Structures are given as C-alpha cells and as structure tokens.
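Here's entry-v3.cif, which has mmCIF, C-alpha atoms:
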```cif
data_coords
#
loop_
_atom_site.label_atom_id
_atom_site.label_comp_id
_atom_site.auth_asym_id
_atom_site.auth_seq_id
_atom_site.Cartn_x
_atom_site.Cartn_y
_atom_site.Cartn_z
CA ILE A 1 41.59 -54.30 -29.67
CA LEU A 2 38.31 -52.53 -28.87
CA LEU A 3 38.80 -48.77 -28.53
CA ALA A 4 35.23 -47.44 -28.68
CA THR A 5 31.70 -48.46 -29.51
CA ALA A 6 28.72 -46.56 -30.84
CA ARG A 7 25.17 -47.75 -30.27
CA ALA A 8 21.95 -46.93 -32.06
CA GLY A 9 18.53 -48.49 -32.42
CA PHE A 10 19.49 -50.01 -35.74
CA GLY A 11 22.96 -51.42 -34.94
CA VAL A 12 26.29 -51.28 -33.13
CA GLY A 13 29.53 -49.75 -34.41
CA VAL A 14 32.97 -50.96 -33.23
CA PHE A 15 36.21 -49.09 -33.86
CA LEU A 16 39.25 -51.41 -34.04
CA SER A 17 42.45 -49.47 -33.42
CA LEU A 18 44.95 -52.05 -34.70
CA VAL A 19 43.46 -52.49 -38.12
CA GLY A 20 42.25 -48.88 -38.43
CA THR A 21 38.76 -49.78 -39.47
CA PHE A 22 35.24 -49.15 -38.28
CA VAL A 23 32.99 -52.22 -38.32
CA TRP A 24 29.23 -51.69 -38.30
CA PHE A 25 26.99 -54.57 -37.19
CA ALA A 26 23.50 -53.67 -38.36
CA ALA A 27 20.28 -54.80 -36.69
CA ASP A 28 19.48 -56.95 -39.70
CA ARG A 29 22.74 -58.88 -39.08
CA THR A 30 24.56 -57.38 -42.07
CA THR A 31 28.06 -56.01 -41.58
CA ALA A 32 29.86 -52.97 -43.05
CA VAL A 33 33.62 -52.37 -42.78
CA LEU A 34 34.83 -48.79 -43.42
CA PRO A 35 38.40 -47.41 -43.37
CA VAL A 36 38.78 -44.80 -40.65
CA HIS A 37 39.97 -42.07 -43.04
CA THR A 38 36.61 -42.22 -44.88
CA LEU A 39 34.78 -41.53 -41.61
CA ILE A 40 36.64 -38.31 -40.73
CA PRO A 41 34.67 -36.01 -43.12
CA MET A 42 31.42 -37.56 -41.94
CA TRP A 43 32.49 -37.12 -38.31
CA ASN A 44 33.36 -33.45 -38.88
CA ALA A 45 30.04 -32.81 -40.60
CA ALA A 46 28.17 -34.52 -37.77
CA MET A 47 30.04 -32.42 -35.21
CA ARG A 48 29.14 -29.17 -37.01
CA LEU A 49 25.52 -30.26 -37.29
CA GLY A 50 25.46 -31.09 -33.59
CA ILE A 51 26.91 -27.68 -32.66
CA PHE A 52 24.37 -25.87 -34.83
CA ALA A 53 21.50 -27.95 -33.42
CA GLY A 54 22.67 -27.30 -29.85
CA ALA A 55 22.96 -23.57 -30.47
CA ALA A 56 19.48 -23.46 -32.01
CA TRP A 57 18.02 -25.35 -29.03
CA LEU A 58 19.75 -23.02 -26.57
CA LEU A 59 18.56 -19.91 -28.46
CA ALA A 60 14.97 -21.20 -28.53
CA ARG A 61 15.12 -21.87 -24.79
CA LEU A 62 16.47 -18.38 -24.09
CA VAL A 63 13.66 -16.85 -26.16
CA ARG A 64 11.04 -18.87 -24.22
CA GLU A 65 12.56 -17.84 -20.87
CA LYS A 66 12.63 -14.18 -21.95
CA GLU A 67 8.97 -14.33 -22.99
CA ARG A 68 8.07 -16.03 -19.70
CA SER A 69 9.98 -13.37 -17.74
CA GLU A 70 8.17 -10.57 -19.58
CA VAL A 71 4.77 -12.14 -18.87
CA LEU A 72 5.62 -12.40 -15.16
CA ILE A 73 6.79 -8.78 -15.03
CA HIS A 74 3.55 -7.58 -16.66
CA ASP A 75 1.56 -9.66 -14.16
CA MET A 76 3.40 -8.08 -11.20
CA LEU A 77 3.69 -4.48 -12.42
CA PRO A 78 1.53 -1.91 -14.21
CA ALA A 79 2.07 -2.07 -17.97
CA PRO A 80 3.82 1.34 -18.34
CA ILE A 81 6.24 0.46 -15.52
CA ALA A 82 6.92 -3.01 -16.96
CA ASP A 83 7.68 -1.47 -20.36
CA ARG A 84 10.15 0.95 -18.79
CA LEU A 85 11.88 -1.89 -16.95
CA LYS A 86 12.24 -3.78 -20.24
CA ARG A 87 14.12 -0.74 -21.55
CA HIS A 88 16.38 -0.99 -18.46
CA GLU A 89 15.16 2.34 -17.08
CA GLU A 90 15.48 3.12 -13.38
CA ILE A 91 12.00 3.66 -11.92
CA ALA A 92 12.19 6.52 -9.40
CA ASP A 93 9.69 9.33 -10.04
CA ARG A 94 8.34 12.36 -8.23
CA HIS A 95 4.73 13.40 -8.81
CA ALA A 96 3.68 16.82 -7.54
CA ASP A 97 -0.09 16.43 -7.65
CA VAL A 98 -1.86 13.06 -7.53
CA SER A 99 -4.52 11.40 -5.37
CA VAL A 100 -4.19 8.22 -3.32
CA LEU A 101 -7.02 6.03 -2.00
CA PHE A 102 -6.91 3.40 0.73
CA ALA A 103 -9.79 0.98 1.20
CA ASP A 104 -10.17 -1.66 3.92
CA LEU A 105 -12.71 -4.42 4.62
CA VAL A 106 -13.95 -3.76 8.15
CA GLY A 107 -13.57 -6.71 10.53
CA PHE A 108 -12.36 -9.19 7.91
CA SER A 109 -9.85 -10.92 10.22
CA GLU A 110 -12.56 -11.73 12.78
CA ILE A 111 -14.95 -12.89 10.06
CA ALA A 112 -12.30 -15.17 8.50
CA ALA A 113 -11.57 -16.67 11.93
CA ARG A 114 -15.16 -17.75 12.57
CA CYS A 115 -16.42 -18.60 9.05
CA ASP A 116 -15.67 -21.51 6.75
CA LEU A 117 -12.30 -20.56 5.28
CA ALA A 118 -12.89 -21.84 1.75
CA ARG A 119 -16.23 -20.00 1.42
CA THR A 120 -14.73 -16.84 2.91
CA MET A 121 -11.80 -16.86 0.50
CA ARG A 122 -14.14 -17.40 -2.46
CA ALA A 123 -16.16 -14.40 -1.29
CA LEU A 124 -13.02 -12.30 -0.91
CA ASP A 125 -11.86 -13.32 -4.38
CA GLY A 126 -15.18 -12.15 -5.79
CA LEU A 127 -14.84 -8.79 -4.01
CA CYS A 128 -11.32 -8.39 -5.44
CA ASP A 129 -12.65 -9.01 -8.95
CA ASP A 130 -15.39 -6.40 -8.39
CA ILE A 131 -12.87 -3.82 -7.19
CA ASP A 132 -10.55 -4.52 -10.13
CA ALA A 133 -13.47 -3.94 -12.52
CA LEU A 134 -14.43 -0.67 -10.79
CA VAL A 135 -10.82 0.57 -10.80
CA THR A 136 -10.68 0.03 -14.56
CA ALA A 137 -14.11 1.60 -15.11
CA PHE A 138 -13.15 4.81 -13.27
CA GLY A 139 -9.74 5.11 -14.92
CA ALA A 140 -7.80 4.65 -11.69
CA GLU A 141 -4.61 2.66 -10.98
CA LYS A 142 -4.49 -0.22 -8.50
CA ILE A 143 -1.06 -0.05 -6.88
CA LYS A 144 -1.28 -3.10 -4.61
CA THR A 145 -3.45 -5.30 -2.46
CA ILE A 146 -2.42 -5.61 1.18
CA GLY A 147 -4.32 -8.54 2.67
CA ASP A 148 -7.89 -7.22 2.93
CA ALA A 149 -6.94 -3.65 1.93
CA TRP A 150 -6.17 -1.81 -1.30
CA MET A 151 -3.97 1.10 -2.33
CA ILE A 152 -5.29 2.80 -5.45
CA ALA A 153 -4.01 5.96 -7.14
CA SER A 154 -4.99 8.37 -9.86
CA GLY A 155 -2.67 10.64 -11.82
CA VAL A 156 0.47 8.57 -11.26
CA LEU A 157 0.68 6.38 -14.36
CA ASP A 158 -1.72 8.49 -16.40
CA PRO A 159 -1.58 12.21 -15.46
CA CYS A 160 -5.04 13.75 -15.36
CA PRO A 161 -6.56 16.94 -13.88
CA ASP A 162 -9.54 15.17 -12.28
CA HIS A 163 -7.61 12.58 -10.23
CA ALA A 164 -9.32 13.53 -6.94
CA GLN A 165 -12.78 13.31 -8.46
CA ARG A 166 -12.01 9.92 -10.01
CA LEU A 167 -11.01 8.42 -6.67
CA ILE A 168 -13.94 9.86 -4.73
CA ASP A 169 -16.35 8.55 -7.38
CA LEU A 170 -14.55 5.20 -7.22
CA GLY A 171 -14.75 5.07 -3.42
CA LEU A 172 -18.48 5.84 -3.42
CA ALA A 173 -19.05 3.19 -6.12
CA MET A 174 -17.10 0.58 -4.13
CA GLN A 175 -19.16 1.23 -0.99
CA ALA A 176 -22.40 1.17 -3.00
CA ARG A 177 -21.39 -2.11 -4.69
CA PHE A 178 -20.85 -3.88 -1.34
CA ARG A 179 -23.78 -2.33 0.53
CA HIS A 180 -26.02 -5.33 -0.12
CA VAL A 181 -23.32 -8.03 -0.07
CA SER A 182 -22.74 -10.33 2.90
CA TRP A 183 -20.05 -12.71 4.13
CA PRO A 184 -20.86 -16.46 4.38
CA ASP A 185 -22.20 -16.05 7.94
CA GLY A 186 -24.56 -13.25 6.91
CA THR A 187 -22.42 -10.37 8.20
CA PRO A 188 -22.71 -7.36 5.84
CA VAL A 189 -19.58 -6.42 3.91
CA ARG A 190 -18.38 -3.01 5.10
CA LEU A 191 -15.71 -0.93 3.39
CA ARG A 192 -13.89 2.12 4.75
CA VAL A 193 -12.31 4.50 2.22
CA GLY A 194 -9.87 7.39 2.67
CA VAL A 195 -8.44 9.75 0.03
CA ASP A 196 -5.68 12.36 0.13
CA THR A 197 -4.16 14.56 -2.57
CA GLY A 198 -0.63 15.89 -2.93
CA PRO A 199 2.94 14.94 -3.90
CA ILE A 200 4.28 11.38 -3.83
CA ILE A 201 7.36 9.39 -4.78
CA ALA A 202 6.88 6.31 -6.97
CA GLY A 203 9.40 3.59 -7.70
CA VAL A 204 10.19 -0.08 -8.16
CA MET A 205 11.89 -2.04 -5.40
CA GLY A 206 13.46 -5.51 -5.61
CA THR A 207 14.85 -7.61 -8.43
CA SER A 208 13.64 -11.22 -8.07
CA ARG A 209 10.07 -10.05 -7.38
CA PRO A 210 9.94 -6.33 -8.25
CA VAL A 211 7.20 -4.24 -6.61
CA PHE A 212 5.87 -0.85 -7.72
CA ASP A 213 5.02 1.29 -4.70
CA LEU A 214 4.28 4.84 -3.53
CA TRP A 215 5.75 6.81 -0.62
CA GLY A 216 5.23 10.17 1.04
CA ASP A 217 2.92 12.10 3.36
CA THR A 218 0.05 11.83 0.89
CA VAL A 219 0.17 8.03 1.20
CA ASN A 220 0.36 8.20 5.01
CA VAL A 221 -2.54 10.64 5.31
CA ALA A 222 -4.74 8.60 2.96
CA SER A 223 -4.07 5.50 5.09
CA ARG A 224 -4.95 7.36 8.32
CA LEU A 225 -8.10 8.81 6.76
CA GLU A 226 -9.26 5.31 5.88
CA ALA A 227 -8.59 4.07 9.43
CA THR A 228 -10.59 6.93 10.97
CA GLY A 229 -13.40 6.88 8.42
CA SER A 230 -16.71 5.04 8.18
CA ASP A 231 -18.33 2.61 5.77
CA ASP A 232 -21.05 5.04 4.62
CA ALA A 233 -18.87 7.83 3.22
CA VAL A 234 -15.44 8.57 1.75
CA HIS A 235 -13.14 10.32 4.25
CA VAL A 236 -11.04 13.00 2.51
CA SER A 237 -8.53 15.67 3.44
CA ASP A 238 -9.06 19.40 2.99
CA ARG A 239 -6.67 19.43 0.03
CA THR A 240 -8.64 16.65 -1.69
CA ARG A 241 -11.85 18.64 -1.18
CA ALA A 242 -10.10 21.69 -2.66
CA ALA A 243 -8.93 19.62 -5.66
CA LEU A 244 -12.55 18.81 -6.55
CA GLY A 245 -12.99 22.31 -7.92
CA SER A 246 -16.53 22.86 -9.17
CA ALA A 247 -17.55 19.19 -8.84
CA SER A 248 -20.59 18.99 -6.57
CA TYR A 249 -20.77 16.50 -3.67
CA GLN A 250 -22.66 16.15 -0.40
CA LEU A 251 -19.98 17.05 2.14
CA GLU A 252 -19.84 16.90 5.92
CA ASP A 253 -17.18 18.95 7.68
CA ARG A 254 -15.48 16.87 10.39
CA GLY A 255 -13.18 19.66 11.49
CA THR A 256 -9.56 19.02 12.41
CA LEU A 257 -8.63 15.47 13.42
CA LEU A 258 -5.40 14.42 15.08
CA LEU A 259 -4.08 11.63 12.85
CA LYS A 260 -1.45 9.25 14.23
CA GLY A 261 2.01 10.02 12.90
CA VAL A 262 0.65 12.95 10.87
CA GLY A 263 -0.78 15.60 13.23
CA GLY A 264 -3.84 17.78 12.81
CA VAL A 265 -5.64 17.48 9.47
CA HIS A 266 -8.89 19.15 8.46
CA THR A 267 -11.10 16.42 6.99
CA TRP A 268 -14.45 15.95 5.29
CA MET A 269 -16.89 13.09 4.75
CA VAL A 270 -18.14 12.76 1.17
CA ARG A 271 -21.62 11.20 1.36
CA ALA A 272 -22.68 11.24 -2.28
CA LYS A 273 -22.34 13.06 -5.57
CA LYS A 274 -25.02 15.66 -6.22
CA ALA A 275 -27.16 15.14 -9.30
#
```

Hey, can you dump this file as structure tokens for me?
Amino acid sequence: ILLATARAGFGVGVFLSLVGTFVWFAADRTTAVLPVHTLIPMWNAAMRLGIFAGAAWLLARLVREKERSEVLIHDMLPAPIADRLKRHEEIADRHADVSVLFADLVGFSEIAARCDLARTMRALDGLCDDIDALVTAFGAEKIKTIGDAWMIASGVLDPCPDHAQRLIDLGLAMQARFRHVSWPDGTPVRLRVGVDTGPIIAGVMGTSRPVFDLWGDTVNVASRLEATGSDDAVHVSDRTRAALGSASYQLEDRGTLLLKGVGGVHTWMVRAKKA
C-alpha cells in the first residue's frame, strides 16, 4: 500500500507501509530497499538542517530589509535626524535662534503649462541640482522642496552663530546663478527669496514616509517675505538684518509691510554683499 512518495531529479522514493520499507527507484534504473528504522536518524538530521537553513535565510532577508529601510530613511531625512530615528529617539526640538529661507521660481506654473513638459522638467531638475550644490557649499540645510519652491534653514541641524549671513549669501548666490538661465521657451528664470530669523520648532511627522519639518512664526514670516519680495534682491526681516551684526551688505529699507497672517513687519531688501 502506497503511503507517500518523494521525488527528486535523480529518482523516486516510495514508502510501503505494510512491509515497513522505503524503496528507492533511481534514475539509472537501479533500486535500493531500506528498512524504515534506518531512515529515522537521517530524517531527523535532514529536518534539523532544514530548520537551520530556513532560519539563516530568514535572518539574511531581515538584514537586507533593515539595510534597505535605513537607506530609504537617509534618502528622506537629513543624516543627523535619520541617525536619531535609528536610535528610536523622538524628534521634537525647539531652537531659539535660527534662520529660515524660502525661495520660489516666479511664474513656473504658467511656464510649465505652455512649454514642452519633458524639456521643462529637465530644466527644473537641473535647477534643483544647482540649488542642492549651493546649499552644500554655503553650509545650509535643505528642509524640503515644495513643487517649485524650497525651504532651507541654517542653525537647525548644525548650530552656528552666522546662520543669517549664510542664508543671505546663499539667496544672493541662487539669484546670481539663475540670472542668465532661461526656460525652454526663452523666458528668463526668476527666483524670489525671503529670510527670517528667530525661534522655530522642528520635528518628524509620519511613520510610513517620515518627514522632517519646521513650524513657527519664523517659518511663516520667511514664506511671506518671499511672496512679497523680488527676483533681484533677498527680502529679509528687521531681526534678520540685526542678526547680520558687522557683516556689510547693500541694504534698502522697505519700511513696515503688512504681511498676510502675520501683521506689520519692518523689512529690508539685501541687494548685494559689500566688498
């Protein structure tokens, strides 16, 4: 009576329950008959080997998934924040004195609507690469890209006394870099930049796709300064101007502006850095 069979590329095994034997029919047509009791040690050894092999495979897969997860986290978050998350730290920080920059490509939505989309996106990708390189060169911290706009900070991840100066120099360099660059239809690339200085809250939100972000009045004012600025100067608040200390810039006093959702803010236009 046939109770079970075992197949392999080199033969077929048949277990006969009545006679208590295991008959092996090899691929070369030879036959082996083994008493069942002689197979039990071999079966136990094979089972242990299979368990060990399965555990090793599972462990290797877990290691690969962990490494993949860590790479993704470092791609999504600044390195110091990703390292803290790996240590299972809660990311919720207050910073008393930092600077925040907002930059926006003027009229990009209209340009994208009328130009060849593929060429426009290639151009935008090139601008993003240029901004990333400038952010690194000036020792600033890109927080996020929002469509055709950027939020950049200084003093958040790497505390420094000259955070306001770094961002103003960065903003001027970004505008200078794009001054002679055009979109595919020949329209000049124009970039507005706003900077504010003060306290912020920084933290990580979300679990499946964690995001590092900043909150507070400093962020709101910097965004409004960008929206009310121009593409030939960096629009800054009075407290950013004060944070420059002895650094020398060509400044234009714009007086007090009524910023939406903020109120009256005394602002300045930074035209250039004095030699």

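Remark: residues at most 12 Å from position (-13.3, 10.5, -14.2) in file coordinates are Leu134, Val135, Thr136, Ala137, Phe138, Gly139, Ala140, Ser154, Gly155, Asp158, Pro159, Cys160, Pro161, Asp162, His163, Ala164, Gln165, Arg166, Leu167, Ile168, Asp169, Leu170, Leu244 and Ala247 of chain A, using all atoms listed in the file.
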
Matched chain/residue IDs from the PyMOL selection byres ((chain A and resi 110-116) around 9), as a count of residues only: 12

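Closest approach to Gln250 in chain A from the set A:Ile146, A:Ala272, A:Val265, A:Leu191 is made by A:Ala272, with distances taken over all atoms listed in the file.
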
Point-to-point distance in Å for CA of Arg224 in chain A and CA of Ile91 in chain A: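 Between CA of Ile91 in chain A and CA of Arg224 in chain A the gap is 26.7 Å.
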
Atom pair CA of Val106 in chain A / CA of Val262 in chain A: separation (Å): 22.4 Å

Explicit residues for the PyMOL selection byres ((chain A and resi 234) around 10) (as a VMD selection string): chain A and resid 101 103 167 to 172 175 191 to 195 225 to 226 229 to 233 235 to 236 251 268 to 272

Within 10 Å of file point (-3.0, 8.0, 13.7), counting only C-alpha atoms, expressed as a list in words: Asn220, Val221, Ser223, Arg224, Leu225, Ala227, Thr228, Leu257, Leu258, Leu259, Lys260, Gly261, Val262, Gly263 and Gly264 of chain A

Answer key for the PyMOL selection byres ((chain A and resi 196-209) around 9), residues as an MDAnalysis selection string: chainID A and resid 73 76:77 81 90:101 156 163:164 194:195 210:223 225 235:241 243

Option closest in space to Ser182 in chain A, from A:Leu105, A:Glu89, A:Pro80, A:Ala153 [counting only C-alpha atoms]: A:Leu105

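The shortest atom-to-atom distance to Arg177 in chain A, with all atoms listed in the file taken into account, belongs to A:Val189 out of A:Val189, A:Ala275, A:Ala53, A:Leu124.
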
Mind completing range 119-142 of chain A with N, CA and C atoms? Output as a PDB file, in the coordinates of the input, please?
```pdb
ATOM      1  N   ARG A 119     -15.128 -20.868   1.867  1.00  0.00           N
ATOM      2  CA  ARG A 119     -16.230 -20.000   1.420  1.00  0.00           C
ATOM      3  C   ARG A 119     -15.840 -18.530   1.586  1.00  0.00           C
ATOM      4  N   THR A 120     -15.142 -18.221   2.676  1.00  0.00           N
ATOM      5  CA  THR A 120     -14.730 -16.840   2.910  1.00  0.00           C
ATOM      6  C   THR A 120     -13.738 -16.372   1.852  1.00  0.00           C
ATOM      7  N   MET A 121     -12.787 -17.244   1.500  1.00  0.00           N
ATOM      8  CA  MET A 121     -11.800 -16.860   0.500  1.00  0.00           C
ATOM      9  C   MET A 121     -12.431 -16.717  -0.884  1.00  0.00           C
ATOM     10  N   ARG A 122     -13.430 -17.552  -1.182  1.00  0.00           N
ATOM     11  CA  ARG A 122     -14.140 -17.400  -2.460  1.00  0.00           C
ATOM     12  C   ARG A 122     -14.865 -16.058  -2.494  1.00  0.00           C
ATOM     13  N   ALA A 123     -15.469 -15.693  -1.369  1.00  0.00           N
ATOM     14  CA  ALA A 123     -16.160 -14.400  -1.290  1.00  0.00           C
ATOM     15  C   ALA A 123     -15.178 -13.250  -1.459  1.00  0.00           C
ATOM     16  N   LEU A 124     -14.032 -13.346  -0.797  1.00  0.00           N
ATOM     17  CA  LEU A 124     -13.020 -12.300  -0.910  1.00  0.00           C
ATOM     18  C   LEU A 124     -12.504 -12.197  -2.340  1.00  0.00           C
ATOM     19  N   ASP A 125     -12.317 -13.326  -2.991  1.00  0.00           N
ATOM     20  CA  ASP A 125     -11.860 -13.320  -4.380  1.00  0.00           C
ATOM     21  C   ASP A 125     -12.863 -12.608  -5.270  1.00  0.00           C
ATOM     22  N   GLY A 126     -14.153 -12.833  -5.021  1.00  0.00           N
ATOM     23  CA  GLY A 126     -15.180 -12.150  -5.790  1.00  0.00           C
ATOM     24  C   GLY A 126     -15.161 -10.644  -5.567  1.00  0.00           C
ATOM     25  N   LEU A 127     -14.938 -10.221  -4.310  1.00  0.00           N
ATOM     26  CA  LEU A 127     -14.840  -8.790  -4.010  1.00  0.00           C
ATOM     27  C   LEU A 127     -13.639  -8.165  -4.715  1.00  0.00           C
ATOM     28  N   CYS A 128     -12.522  -8.890  -4.739  1.00  0.00           N
ATOM     29  CA  CYS A 128     -11.320  -8.390  -5.440  1.00  0.00           C
ATOM     30  C   CYS A 128     -11.596  -8.203  -6.918  1.00  0.00           C
ATOM     31  N   ASP A 129     -12.310  -9.141  -7.523  1.00  0.00           N
ATOM     32  CA  ASP A 129     -12.650  -9.010  -8.950  1.00  0.00           C
ATOM     33  C   ASP A 129     -13.535  -7.793  -9.174  1.00  0.00           C
ATOM     34  N   ASP A 130     -14.505  -7.564  -8.268  1.00  0.00           N
ATOM     35  CA  ASP A 130     -15.390  -6.400  -8.390  1.00  0.00           C
ATOM     36  C   ASP A 130     -14.599  -5.098  -8.298  1.00  0.00           C
ATOM     37  N   ILE A 131     -13.664  -5.034  -7.346  1.00  0.00           N
ATOM     38  CA  ILE A 131     -12.870  -3.820  -7.190  1.00  0.00           C
ATOM     39  C   ILE A 131     -11.980  -3.594  -8.404  1.00  0.00           C
ATOM     40  N   ASP A 132     -11.378  -4.658  -8.927  1.00  0.00           N
ATOM     41  CA  ASP A 132     -10.550  -4.520 -10.130  1.00  0.00           C
ATOM     42  C   ASP A 132     -11.375  -3.938 -11.290  1.00  0.00           C
ATOM     43  N   ALA A 133     -12.609  -4.425 -11.435  1.00  0.00           N
ATOM     44  CA  ALA A 133     -13.470  -3.940 -12.520  1.00  0.00           C
ATOM     45  C   ALA A 133     -13.822  -2.464 -12.317  1.00  0.00           C
ATOM     46  N   LEU A 134     -14.098  -2.067 -11.073  1.00  0.00           N
ATOM     47  CA  LEU A 134     -14.430  -0.670 -10.790  1.00  0.00           C
ATOM     48  C   LEU A 134     -13.223   0.239 -11.006  1.00  0.00           C
ATOM     49  N   VAL A 135     -12.045  -0.218 -10.598  1.00  0.00           N
ATOM     50  CA  VAL A 135     -10.820   0.570 -10.800  1.00  0.00           C
ATOM     51  C   VAL A 135     -10.635   0.862 -12.287  1.00  0.00           C
ATOM     52  N   THR A 136     -10.816  -0.152 -13.114  1.00  0.00           N
ATOM     53  CA  THR A 136     -10.680   0.030 -14.560  1.00  0.00           C
ATOM     54  C   THR A 136     -11.757   0.972 -15.093  1.00  0.00           C
ATOM     55  N   ALA A 137     -12.998   0.796 -14.620  1.00  0.00           N
ATOM     56  CA  ALA A 137     -14.110   1.600 -15.110  1.00  0.00           C
ATOM     57  C   ALA A 137     -13.925   3.091 -14.804  1.00  0.00           C
ATOM     58  N   PHE A 138     -13.322   3.408 -13.663  1.00  0.00           N
ATOM     59  CA  PHE A 138     -13.150   4.810 -13.270  1.00  0.00           C
ATOM     60  C   PHE A 138     -11.785   5.381 -13.682  1.00  0.00           C
ATOM     61  N   GLY A 139     -11.011   4.620 -14.420  1.00  0.00           N
ATOM     62  CA  GLY A 139      -9.740   5.110 -14.920  1.00  0.00           C
ATOM     63  C   GLY A 139      -8.708   5.344 -13.837  1.00  0.00           C
ATOM     64  N   ALA A 140      -8.765   4.531 -12.778  1.00  0.00           N
ATOM     65  CA  ALA A 140      -7.800   4.650 -11.690  1.00  0.00           C
ATOM     66  C   ALA A 140      -6.702   3.604 -11.853  1.00  0.00           C
ATOM     67  N   GLU A 141      -5.775   3.538 -10.882  1.00  0.00           N
ATOM     68  CA  GLU A 141      -4.610   2.660 -10.980  1.00  0.00           C
ATOM     69  C   GLU A 141      -4.444   1.886  -9.675  1.00  0.00           C
ATOM     70  N   LYS A 142      -4.716   0.581  -9.698  1.00  0.00           N
ATOM     71  CA  LYS A 142      -4.490  -0.220  -8.500  1.00  0.00           C
ATOM     72  C   LYS A 142      -2.989  -0.400  -8.308  1.00  0.00           C
TER      73      LYS A 142
END
```
